[in-house]
$ cat work-v8.cif   # mmCIF, C-alpha atoms and all ligand atoms
data_start
loop_
_atom_site.group_PDB
_atom_site.id
_atom_site.type_symbol
_atom_site.label_atom_id
_atom_site.label_comp_id
_atom_site.auth_asym_id
_atom_site.auth_seq_id
_atom_site.Cartn_x
_atom_site.Cartn_y
_atom_site.Cartn_z
ATOM 1 C CA MET A 1 21.078 45.788 85.448
ATOM 2 C CA GLU A 2 22.693 42.996 83.509
ATOM 3 C CA LEU A 3 21.776 39.518 84.641
ATOM 4 C CA LYS A 4 25.365 38.554 85.437
ATOM 5 C CA GLN A 5 25.736 41.676 87.529
ATOM 6 C CA LEU A 6 22.510 40.870 89.351
ATOM 7 C CA TYR A 7 23.730 37.338 90.039
ATOM 8 C CA ARG A 8 26.992 38.667 91.424
ATOM 9 C CA GLU A 9 25.034 40.976 93.731
ATOM 10 C CA ILE A 10 22.916 38.081 95.007
ATOM 11 C CA VAL A 11 26.008 36.016 95.802
ATOM 12 C CA ASN A 12 27.691 38.985 97.524
ATOM 13 C CA GLU A 13 24.618 39.756 99.557
ATOM 14 C CA HIS A 14 24.317 36.193 100.891
ATOM 15 C CA ASN A 15 28.013 36.077 101.617
ATOM 16 C CA LEU A 16 28.163 39.409 103.462
ATOM 17 C CA HIS A 17 24.782 39.185 105.173
ATOM 18 C CA PRO A 18 23.948 35.522 105.611
ATOM 19 C CA VAL A 19 20.432 34.846 106.849
ATOM 20 C CA HIS A 20 20.863 31.296 108.079
ATOM 21 C CA LYS A 21 24.348 31.309 109.576
ATOM 22 C CA LYS A 22 23.280 30.503 113.112
ATOM 23 C CA THR A 23 23.094 27.797 115.733
ATOM 24 C CA ILE A 24 20.001 25.600 115.703
ATOM 25 C CA GLU A 25 18.824 24.446 119.127
ATOM 26 C CA ASN A 26 18.408 20.674 119.457
ATOM 27 C CA PRO A 27 18.886 19.815 115.788
ATOM 28 C CA ASP A 28 17.735 16.384 114.581
ATOM 29 C CA LEU A 29 20.572 16.008 112.092
ATOM 30 C CA VAL A 30 24.034 17.546 112.080
ATOM 31 C CA MET A 31 26.745 16.994 109.496
ATOM 32 C CA ARG A 32 30.056 18.617 108.666
ATOM 33 C CA GLY A 33 31.036 19.206 105.070
ATOM 34 C CA VAL A 34 34.607 20.003 104.072
ATOM 35 C CA ASN A 35 36.126 21.002 100.758
ATOM 36 C CA PRO A 36 39.887 20.703 101.367
ATOM 37 C CA SER A 37 40.843 22.006 97.930
ATOM 38 C CA CYS A 38 39.553 25.465 98.915
ATOM 39 C CA GLY A 39 39.369 25.342 102.717
ATOM 40 C CA ASP A 40 35.568 25.534 102.918
ATOM 41 C CA ASP A 41 34.334 23.985 106.146
ATOM 42 C CA ILE A 42 30.668 24.012 107.169
ATOM 43 C CA THR A 43 28.512 22.261 109.723
ATOM 44 C CA LEU A 44 24.883 22.000 108.710
ATOM 45 C CA SER A 45 22.066 21.442 111.224
ATOM 46 C CA LEU A 46 18.488 20.461 110.376
ATOM 47 C CA LYS A 47 15.315 20.148 112.383
ATOM 48 C CA LEU A 48 12.795 17.675 111.017
ATOM 49 C CA ASP A 49 9.156 17.135 111.856
ATOM 50 C CA ASN A 50 7.356 14.268 110.136
ATOM 51 C CA GLY A 51 9.851 14.329 107.290
ATOM 52 C CA ILE A 52 9.544 18.109 106.799
ATOM 53 C CA ILE A 53 12.525 20.393 107.305
ATOM 54 C CA THR A 54 11.161 22.905 109.808
ATOM 55 C CA ASP A 55 14.392 24.784 110.495
ATOM 56 C CA ALA A 56 17.992 24.738 109.362
ATOM 57 C CA GLY A 57 21.211 26.636 109.885
ATOM 58 C CA TYR A 58 24.947 26.339 109.388
ATOM 59 C CA GLU A 59 28.212 27.431 110.919
ATOM 60 C CA GLY A 60 31.717 27.516 109.579
ATOM 61 C CA SER A 61 33.752 29.436 107.085
ATOM 62 C CA GLY A 62 34.915 29.387 103.501
ATOM 63 C CA CYS A 63 35.006 31.291 100.249
ATOM 64 C CA ALA A 64 32.182 33.554 99.061
ATOM 65 C CA ILE A 65 30.732 30.945 96.700
ATOM 66 C CA SER A 66 30.560 28.181 99.316
ATOM 67 C CA GLN A 67 29.029 30.452 101.953
ATOM 68 C CA ALA A 68 26.520 32.121 99.649
ATOM 69 C CA SER A 69 25.550 28.761 98.200
ATOM 70 C CA VAL A 70 24.797 27.143 101.557
ATOM 71 C CA ASP A 71 22.863 30.229 102.701
ATOM 72 C CA MET A 72 20.691 30.175 99.562
ATOM 73 C CA MET A 73 20.229 26.434 99.915
ATOM 74 C CA VAL A 74 18.923 26.724 103.464
ATOM 75 C CA ASP A 75 16.487 29.370 102.208
ATOM 76 C CA GLN A 76 15.228 26.857 99.668
ATOM 77 C CA ILE A 77 14.810 23.784 101.837
ATOM 78 C CA ILE A 78 13.050 25.142 104.938
ATOM 79 C CA GLY A 79 9.432 24.009 104.723
ATOM 80 C CA LYS A 80 10.162 21.288 102.185
ATOM 81 C CA ASN A 81 10.011 17.561 102.801
ATOM 82 C CA LYS A 82 13.089 15.356 102.625
ATOM 83 C CA GLU A 83 12.349 13.931 99.192
ATOM 84 C CA GLU A 84 11.814 17.381 97.703
ATOM 85 C CA ALA A 85 15.038 18.718 99.265
ATOM 86 C CA ILE A 86 17.000 15.769 97.866
ATOM 87 C CA ARG A 87 15.415 16.293 94.456
ATOM 88 C CA LEU A 88 16.358 19.998 94.482
ATOM 89 C CA ALA A 89 19.936 19.044 95.387
ATOM 90 C CA GLY A 90 19.945 16.913 92.231
ATOM 91 C CA VAL A 91 18.724 19.854 90.140
ATOM 92 C CA PHE A 92 21.347 22.154 91.656
ATOM 93 C CA MET A 93 24.206 19.728 91.101
ATOM 94 C CA GLY A 94 22.990 19.063 87.566
ATOM 95 C CA MET A 95 23.014 22.807 86.900
ATOM 96 C CA ILE A 96 26.512 23.272 88.350
ATOM 97 C CA LYS A 97 27.852 20.375 86.307
ATOM 98 C CA GLY A 98 26.275 21.882 83.208
ATOM 99 C CA GLU A 99 24.037 18.828 82.712
ATOM 100 C CA ILE A 100 20.807 20.714 83.393
ATOM 101 C CA THR A 101 20.433 23.876 81.337
ATOM 102 C CA ASP A 102 16.651 23.973 80.989
ATOM 103 C CA GLU A 103 15.521 27.359 82.302
ATOM 104 C CA GLY A 104 12.282 26.023 83.751
ATOM 105 C CA ALA A 105 14.170 23.461 85.827
ATOM 106 C CA ILE A 106 16.767 25.970 86.982
ATOM 107 C CA GLU A 107 14.098 28.526 87.905
ATOM 108 C CA GLU A 108 12.950 26.141 90.627
ATOM 109 C CA LEU A 109 16.189 26.874 92.456
ATOM 110 C CA ASP A 110 15.182 30.507 92.861
ATOM 111 C CA GLU A 111 18.212 32.590 93.970
ATOM 112 C CA ALA A 112 20.495 29.559 93.900
ATOM 113 C CA ALA A 113 20.231 29.788 90.094
ATOM 114 C CA ALA A 114 22.612 32.751 90.462
ATOM 115 C CA LEU A 115 25.420 30.202 90.731
ATOM 116 C CA GLN A 116 24.808 28.763 87.271
ATOM 117 C CA ASP A 117 27.971 30.421 85.928
ATOM 118 C CA VAL A 118 30.038 28.256 88.261
ATOM 119 C CA ALA A 119 29.419 25.556 85.640
ATOM 120 C CA HIS A 120 32.143 27.339 83.659
ATOM 121 C CA MET A 121 34.573 27.460 86.605
ATOM 122 C CA PRO A 122 35.593 23.835 87.333
ATOM 123 C CA ALA A 123 37.771 24.841 90.303
ATOM 124 C CA ARG A 124 34.736 26.321 92.086
ATOM 125 C CA VAL A 125 32.304 23.462 91.535
ATOM 126 C CA LYS A 126 33.153 21.823 94.873
ATOM 127 C CA CYS A 127 32.617 25.152 96.649
ATOM 128 C CA ALA A 128 29.174 25.594 95.137
ATOM 129 C CA VAL A 129 27.923 22.069 95.810
ATOM 130 C CA LEU A 130 29.350 21.698 99.343
ATOM 131 C CA GLY A 131 26.173 22.702 101.199
ATOM 132 C CA TRP A 132 23.836 20.826 98.878
ATOM 133 C CA HIS A 133 25.974 17.711 98.926
ATOM 134 C CA THR A 134 26.132 17.767 102.743
ATOM 135 C CA MET A 135 22.359 18.202 102.999
ATOM 136 C CA GLN A 136 21.693 15.353 100.559
ATOM 137 C CA GLU A 137 24.128 13.090 102.378
ATOM 138 C CA MET A 138 22.574 13.711 105.809
ATOM 139 C CA LEU A 139 19.021 13.157 104.578
ATOM 140 C CA GLU A 140 19.921 9.988 102.711
ATOM 141 C CA ASN A 141 22.059 8.589 105.557
ATOM 142 C CA PRO A 142 20.517 10.033 108.719
ATOM 143 C CA GLU A 143 22.244 7.399 110.895
ATOM 144 C CA GLY A 144 25.558 9.081 110.136
ATOM 145 C CA ALA A 145 24.298 12.567 110.952
ATOM 146 C CA LYS A 146 23.346 12.514 114.593
HETATM 147 ZN ZN ZN A 201 35.505 27.501 98.183
#

$ encode --input "work-v8.cif" --output "structure tokens" --more "lines below"
Ligand code: ZN
Amino acid sequence: MELKQLYREIVNEHNLHPVHKKTIENPDLVMRGVNPSCGDDITLSLKLDNGIITDAGYEGSGCAISQASVDMMVDQIIGKNKEEAIRLAGVFMGMIKGEITDEGAIEELDEAAALQDVAHMPARVKCAVLGWHTMQEMLENPEGAK
């Protein structure tokens, strides 16, 4: 299978069968992220224990790229500490903006690397970064996410 085809399958799979689209009981941080230019609207919930993200989930709706991206992101950040999650958000956004093209760096993103092609679709950039941006924002400004 061609790599681009494989990437498309990964995005479709997360969009059609999301793993983390669910309510989190008693979340420590909750934040809504909206991308008005496309109509993507998510609410992300995180549970934290000693700075480690122990569980996460999201609700909402939006286009395939926004939904698949947030689902893959949640996959990536569960079990990681805050600093690491924020760092990964930086790698992801760098990849989407086309600033990070190093394969080793992108590999760290695991399945989320499937969205690298969005770098060539400026109109979809906001869709792809919505979940990551929301997560980064809530971890960096937890006072605004309760
Ligand atoms: Zn969108």

$ residues_near_point --input "work-v8.cif" --point "(20.6, 15.4, 109.6)" --cutoff "9 Å" --atoms "all atoms listed in the file" --output "PyMOL selection string"
chain A and resi 27-31+44-48+135+137-146

$ residues_near_point --input "work-v8.cif" --point "(27.4, 19.5, 98.8)" --cutoff "10 Å" --atoms "all atoms listed in the file" --output "list of chain:residue names"
A:Gly33, A:Val34, A:Asn35, A:Ser66, A:Ser69, A:Val70, A:Ala89, A:Phe92, A:Met93, A:Val125, A:Lys126, A:Cys127, A:Ala128, A:Val129, A:Leu130, A:Gly131, A:Trp132, A:His133, A:Thr134, A:Met135, A:Gln136, A:Glu137

$ closest_residue --input "work-v8.cif" --among "A:Gly98, A:Arg87, A:Asp110, A:Ala123" --to "ligand ZN 201 (chain A)" --atoms "only C-alpha atoms and all ligand atoms"
A:Ala123

$ resolve_selection --input "work-v8.cif" --expression "the PyMOL selection byres (((chain A and resi 72) around 9) and not hetatm)" --output "compact mmCIF listing (two decimals) with C-alpha atoms, in the frame of the given file"
# COMPACT_ATOMS: atom_id res chain seq x y z
CA VAL A 11 26.01 36.02 95.80
CA HIS A 14 24.32 36.19 100.89
CA PRO A 18 23.95 35.52 105.61
CA VAL A 19 20.43 34.85 106.85
CA HIS A 20 20.86 31.30 108.08
CA GLN A 67 29.03 30.45 101.95
CA ALA A 68 26.52 32.12 99.65
CA SER A 69 25.55 28.76 98.20
CA VAL A 70 24.80 27.14 101.56
CA ASP A 71 22.86 30.23 102.70
CA MET A 73 20.23 26.43 99.92
CA VAL A 74 18.92 26.72 103.46
CA ASP A 75 16.49 29.37 102.21
CA GLN A 76 15.23 26.86 99.67
CA ILE A 77 14.81 23.78 101.84
CA ASP A 110 15.18 30.51 92.86
CA GLU A 111 18.21 32.59 93.97
CA ALA A 112 20.50 29.56 93.90

$ atom_distance --input "work-v8.cif" --atom1 "CA of Lys4 (chain A)" --atom2 "CA of Gly62 (chain A)"
22.4 Å

$ resolve_selection --input "work-v8.cif" --expression "the PyMOL selection byres (((chain A and resi 79) around 9) and not hetatm)" --output "JSON, numbers by chain"
{"A": [52, 53, 54, 55, 76, 77, 78, 80, 81]}

$ closest_residue --input "work-v8.cif" --among "A:Ile96, A:Ser61, A:Asn26, A:Leu6" --to "Asp117 (chain A)" --atoms "only C-alpha atoms"
A:Ile96

$ closest_residue --input "work-v8.cif" --among "A:Thr43, A:Thr101, A:Ser37, A:Gln116" --to "ligand ZN 201 (chain A)" --atoms "all atoms listed in the file"
A:Ser37

$ closest_residue --input "work-v8.cif" --among "A:Val91, A:Ile42, A:Leu3, A:Ala64" --to "Ile106 (chain A)" --atoms "only C-alpha atoms"
A:Val91

$ closest_residue --input "work-v8.cif" --among "A:Ala56, A:Asp102, A:Arg124, A:Asp49" --to "ligand ZN 201 (chain A)" --atoms "only C-alpha atoms and all ligand atoms"
A:Arg124

$ atom_distance --input "work-v8.cif" --atom1 "CA of His120 (chain A)" --atom2 "CA of Glu84 (chain A)"
26.6 Å

$ resolve_selection --input "work-v8.cif" --expression "the PyMOL selection byres (((chain A and resi 23) around 9) and not hetatm)" --output "number ranges by chain"
A: 20-22, 24-25, 45, 56-59
